[in-house]
Amino acid sequence: MLRGVSMIGVTDPLRRPGAAERREMPLSVQLRTSLPFVFALAVWPAQVCAQGDTAALIAQLKKERDDADVAIVQKIARAGTREAAIGLAEAYDAVATLLFRREICKELQRFANVQEAQQPALDKLAQIAGSAEDEVLRETSLHGLGLSSTIGKQLLRQIVASKASDELREPAMREHVKLAGPGDADWYRELWNLEQKQRKDDKGDIAPPELDTIRELAFEGLLKQLSEAELIDAIKNERRDPKIRRRALDWMDRQKMPKTADTAEWVLGRVDFPGADRAEAARIVFEHDGPKAVGKFLDLAKKRDDQTPGDLRVALAALVAQCGDDGVQKKVKKLVGKGKPFEKVFALQATCDIKDDKLVAAIRKELGDKDPAVRAAAAAALGARRDRDSLPPLRAMLASPQDPCDARAALEAIDQIEGPMSAWLKELAGMCASENRDVRNAAIGVLGKARDKRQLDALLQALEHDDWSTRAAAVAALLPLRDKKTVGPLVARIQKETGRMKKLVADALWQLTAQPFDEDQARWRSWWETAAAEFEVASEKELDEAKKARERRLLTQRTVTPAKFFGIRVESHRVIFVLDVSGSMLEAMYGRTFNDRPAARIDVAKQELTQAIEHLDAGALFNVFVFSSGVARWLEGGIGAATAPDRKSALTWVERLGASGGTNLYDALRAAFADPDVDTIFLLSDGMPTAGDVIDPFGIRQAVADWNRHRKVVVNSIAIGGSLEVLEWLAKDSGGSYRQLR
């Protein structure tokens with residue numbers, strides 16, 4: 001951890017120690033002593049009476065600590081003196097609550113450019129950034145350093161160059177880039193390290209590859225200084241991080257550089273590049289060539305996924321659809337209903353803006369195609385057109401689906417056509433009890449958006465459904481109605497819920513009532529017994545005032561130790577941990593040790609999983625899946641409880657895990673989503689998919705989005721060893737968290 005920046009260990013404060021001395025010092029001392037000694041002790045012009053007032057306030061804060069009025073922190077900071085900065089820095093260590101620590105951290109920012117006081121203030125902010133577990137404290141501290149283009153900027157650089165955790169180094173780098181100038185170019189080039197040369201640390205040992213997000217930030221800081229030739233070199237020779245390639249190509253386009261179109265053409269033809277890279281290139285080619293590019297796009301769209309990934313095909317369809325050229329439209333209309341399933345889907349997407357009765361008739365025929373993806377695309381195309389003549393076949397599809405997904409696709413299309421019509425909403429209310437979960441949850445979601453209180457009873461019935469995802473959909477649909485009739489059922493519901501669902505119900509009750517009971521079931525029940533008769537839904541003003549009080553209350557509470565997996569909190573009571581145990585997981589993980597040796601990735605994953613299982617809430621249900629070339633699980637066809645015997649069994653199973661084989665991400669996720677009750681997945685992997693029914697990352701993303709469309713399972717993902725965009729996509733799409741580690 002990064003500790004306080006101080007002068008401890010330096011005998012003469014005016015002498016800067018040498019490099020050898022600094023290597024033996026704690027990181028915090030290295031940060032402080034490696035900076036130029038930019039100021040000497042000065043005589044402050046502050047009045048004696050002001051000094052006295054400041055000293056008295058500092059003494060009061062140190063004495064009363066967290067019992068003091070938090071406004072005292074601002075009063076001290078307003079003095080703007082070195083004494084005030086030092087006093088607040090010392091008071092930070094005296095207080096214990098997040099309320100006071102966040103306030104002190106925020107006020108220390110005031111001194112970022114006050115010459116006489118910036119050094120102690122920024123030293124303290126650097127120390128807080130390195131030692132605080134609270135993310136807001138870290139962010140506030142680093143932002144404070146980023147307000148100073150001199151000392152603060154140097155401290156940020158030294159944090160990035162240190163052996164601090166990547167969770168600290170990455171945001172520090174982000175702040176440093178905001179202050180980027182020509183003088184930073186050489187350092188940024190070293191971090192970016194296009195040629196991936198081996199680096200050595202200050203002891204001469206081989207240093208690990210840099211974190212991809214820091215490389216991306218270094219490249220961003222360099223952009224304005226790179227020539228066209230250097231940008232092309234980056235596009236052609238960047239092998240680790242496709243985001244850098246895309247950013248370079250986008251920058252060339254924005255700056256209207258002469259070779260942009262030729263470079264984009266080259267990228268589009270690279271079948272070894274990810275679909276997202278080639279989609280960006282296709283956009284530029286289309287902007288440059290217009291309708292002339294369409295022939296090339298149509299040829300690409302006909303190729304298999306290994307030649308034209310799914311995300312590139314979707315992007316090509318969107319570009320073709322934008323083209324208003326009559327010749328192009330005539331050509332793509334002929335493609336509807338022809339070719340392989342992916343070609344048919346492409347044609348339906350590429351013709352979405354064409355208005356033609358014969359075309360619409362051809363699209364209707366696709367509702368009967370053998371492939372479910374084609375049927376879904378046809379339903380979406382008809383819904384987008386709001387074609388009322390298509391209602392009969394869509395209703396037939398809804399009534400007699402070939403596949404469960406057909407009913408959902410038909411329902412969504414019909415809703416686009418019908419809109420918030422009274423008869424349709426009443427029909428949807430009946431679907432809230434459908435045996436098809438996707439239809440049921442989709443109907444609930446549509447009713448919520450319509451905010452039609454006449455359908456309140458249907459939503460309240462859905463609140464009692466056995467399926468948690470349906471109850472979650474009902475909570476989300478009831479909240480916008482802001483009807484007092486929903487509070488009693490929600491209070492009754494919270495008595496039965498656990499984990500993530502309990503949190504969802506508690507949050508809904510809070511937004512309707514502004515009552516500070518969080519997840520305390522007994523307090524909700526007791527309050528409602530008294531308040532029910534005269535209750536009215538909280539006004540916006542009442543809720544705003546309650547939010548302020550709630551925030552203060554939470555910040556004054558003492559900390560607890562929740563279950564976490566790689567720093568992401570486990571709130572669920574129905575969670576599945578999905579771990580990669582492919583052969584590459586035997587590689588060493590930077591900065592971690594195991595039994596006095598460098599830890600393999602599998603060792604660290606097992607350690608983190610063990611801690612998470614040990615700290616799961618009592619009553620939580622969980623399972624552990626692992627994948628390499630195939631998929632295995634701790635419990636087959638069941639789920640474990642966070643009881644002592646089950647924890648012991650799971651931990652023994654985890655301890656015996658080894659690593660070998662490929663990376664079958666798709667099958668592992670499919671198995672996890674097959675659990676009808678899972679509401680949270682923690683996914684860890686260290687490589688791109690190499691095995692399974694689907695290998696294309698975009699195809700995996702689409703499949704998970706389809707499985708999760710009306711379930712709202714949260715996927716938290718951890719990428720080890722590099723930038724894995726598919727993991728980032730899965731977290732982003734589901735509202736989860738994403739972590740990248742070396």
# chains A, B, ... in the order shown; residues from 1 in each chain; ligands from 1
>>> select_by_dssp(residues="range 180-265 of chain A", states="strand (DSSP E)", output="ChimeraX atom specification")
/A:199-200,206-207
>>> closest_atom_pairs(of="range 93-196 of chain A", to="range 215-239 of chain A", cutoff="9 Å", atoms="only C-alpha atoms", output="tab-separated table")
residue	atom	partner	partner_atom	distance
A:Glu170	CA	A:Leu217	CA	8.5
A:Met173	CA	A:Leu217	CA	6.9
A:Arg174	CA	A:Leu217	CA	6.5
A:His176	CA	A:Gly221	CA	8.8
A:Val177	CA	A:Gly221	CA	5.4
A:Lys178	CA	A:Gly221	CA	7.9
A:Leu179	CA	A:Gly221	CA	8.8
A:Ala180	CA	A:Gly221	CA	5.9
A:Gly181	CA	A:Gly221	CA	8.0
A:Pro182	CA	A:Gln225	CA	7.6
A:Asp184	CA	A:Gly221	CA	8.2
A:Ala185	CA	A:Leu222	CA	6.2
A:Trp187	CA	A:Ala218	CA	8.4
A:Tyr188	CA	A:Ala218	CA	4.8
A:Arg189	CA	A:Ala218	CA	7.1
A:Glu190	CA	A:Ala218	CA	8.7
A:Leu191	CA	A:Arg215	CA	5.8
A:Trp192	CA	A:Arg215	CA	4.5
A:Asn193	CA	A:Arg215	CA	7.7
A:Leu194	CA	A:Glu238	CA	6.1
A:Glu195	CA	A:Asn237	CA	7.7
>>> residues_around(residues="Lys732 in chain A", least_positions_apart="2", cutoff="12 Å", atoms="only C-alpha atoms", output="MDAnalysis selection string")
chainID A and resid 701 704:705 713:717 725:730 734:739
>>> write_last_selection(atoms="C-alpha atoms", output="mmCIF file, in the first residue's frame")
data_model
loop_
_atom_site.group_PDB
_atom_site.id
_atom_site.type_symbol
_atom_site.label_atom_id
_atom_site.label_comp_id
_atom_site.auth_asym_id
_atom_site.auth_seq_id
_atom_site.Cartn_x
_atom_site.Cartn_y
_atom_site.Cartn_z
ATOM 1 C CA ARG A 701 -22.141 -11.015 -26.088
ATOM 2 C CA VAL A 704 -25.810 -13.440 -23.096
ATOM 3 C CA ALA A 705 -27.837 -10.332 -23.928
ATOM 4 C CA VAL A 713 -28.760 -11.069 -14.016
ATOM 5 C CA VAL A 714 -25.753 -8.923 -13.048
ATOM 6 C CA VAL A 715 -22.426 -10.105 -14.474
ATOM 7 C CA ASN A 716 -19.339 -8.829 -12.655
ATOM 8 C CA SER A 717 -16.180 -9.670 -14.597
ATOM 9 C CA GLU A 725 -13.310 -6.643 -24.293
ATOM 10 C CA VAL A 726 -15.854 -9.439 -24.154
ATOM 11 C CA LEU A 727 -15.660 -9.401 -20.345
ATOM 12 C CA GLU A 728 -15.964 -5.632 -20.326
ATOM 13 C CA TRP A 729 -19.015 -5.858 -22.607
ATOM 14 C CA LEU A 730 -20.721 -8.451 -20.401
ATOM 15 C CA SER A 734 -25.715 -6.160 -17.345
ATOM 16 C CA GLY A 735 -24.927 -3.242 -15.035
ATOM 17 C CA GLY A 736 -22.052 -5.103 -13.388
ATOM 18 C CA SER A 737 -18.499 -4.115 -12.485
ATOM 19 C CA TYR A 738 -15.372 -4.776 -14.552
ATOM 20 C CA ARG A 739 -11.828 -5.118 -13.233
#
>>> select_by_dssp(residues="range 198-447 of chain A", states="alpha helix (DSSP H)", output="NGL selection string")
:A and (212-222 or 228-237 or 242-254 or 260-268 or 275-289 or 294-301 or 310-322 or 326-333 or 341-350 or 357-365 or 372-385 or 391-399 or 404-418 or 422-431 or 437-447)
>>> residues_around(residues="range 158-163 of chain A", least_positions_apart="3", cutoff="7 Å", atoms="only C-alpha atoms", output="number ranges by chain")
A: 31, 154-155, 169, 172-173
>>> closest_residue(among="A:Val336, A:Ile695, A:Ala641, A:Ala668", to="Val374 in chain A", atoms="only C-alpha atoms")
A:Val336
>>> closest_residue(among="A:Leu211, A:Ala399, A:Ala261, A:Val294", to="Gly327 in chain A", atoms="only C-alpha atoms")
A:Val294
>>> closest_atom_pairs(of="range 479-562 of chain A", to="range 461-474 of chain A", cutoff="10 Å", atoms="only C-alpha atoms", output="tab-separated table")
residue	atom	partner	partner_atom	distance
A:Leu479	CA	A:Ala474	CA	8.6
A:Thr486	CA	A:Leu463	CA	9.9
A:Pro489	CA	A:Leu463	CA	8.1
A:Leu490	CA	A:Leu463	CA	8.2
A:Ala492	CA	A:Glu464	CA	10.0
A:Arg493	CA	A:Glu464	CA	7.7
A:Glu497	CA	A:Trp468	CA	9.4
A:Arg500	CA	A:Ala472	CA	9.5
A:Met501	CA	A:Ala472	CA	6.8
A:Lys502	CA	A:Ala472	CA	9.8
A:Leu504	CA	A:Ala472	CA	7.3
A:Val505	CA	A:Ala472	CA	8.2
>>> closest_residue(among="A:Ile206, A:Val332, A:Leu156, A:Ala691", to="Thr351 in chain A", atoms="only C-alpha atoms")
A:Val332
>>> closest_residue(among="A:Asp262, A:Lys292, A:Ser422, A:Asp706", to="Ala376 in chain A", atoms="only C-alpha atoms")
A:Asp706
>>> atom_distance(atom1="CA of Leu609 in chain A", atom2="CA of Gly658 in chain A")
14.1 Å
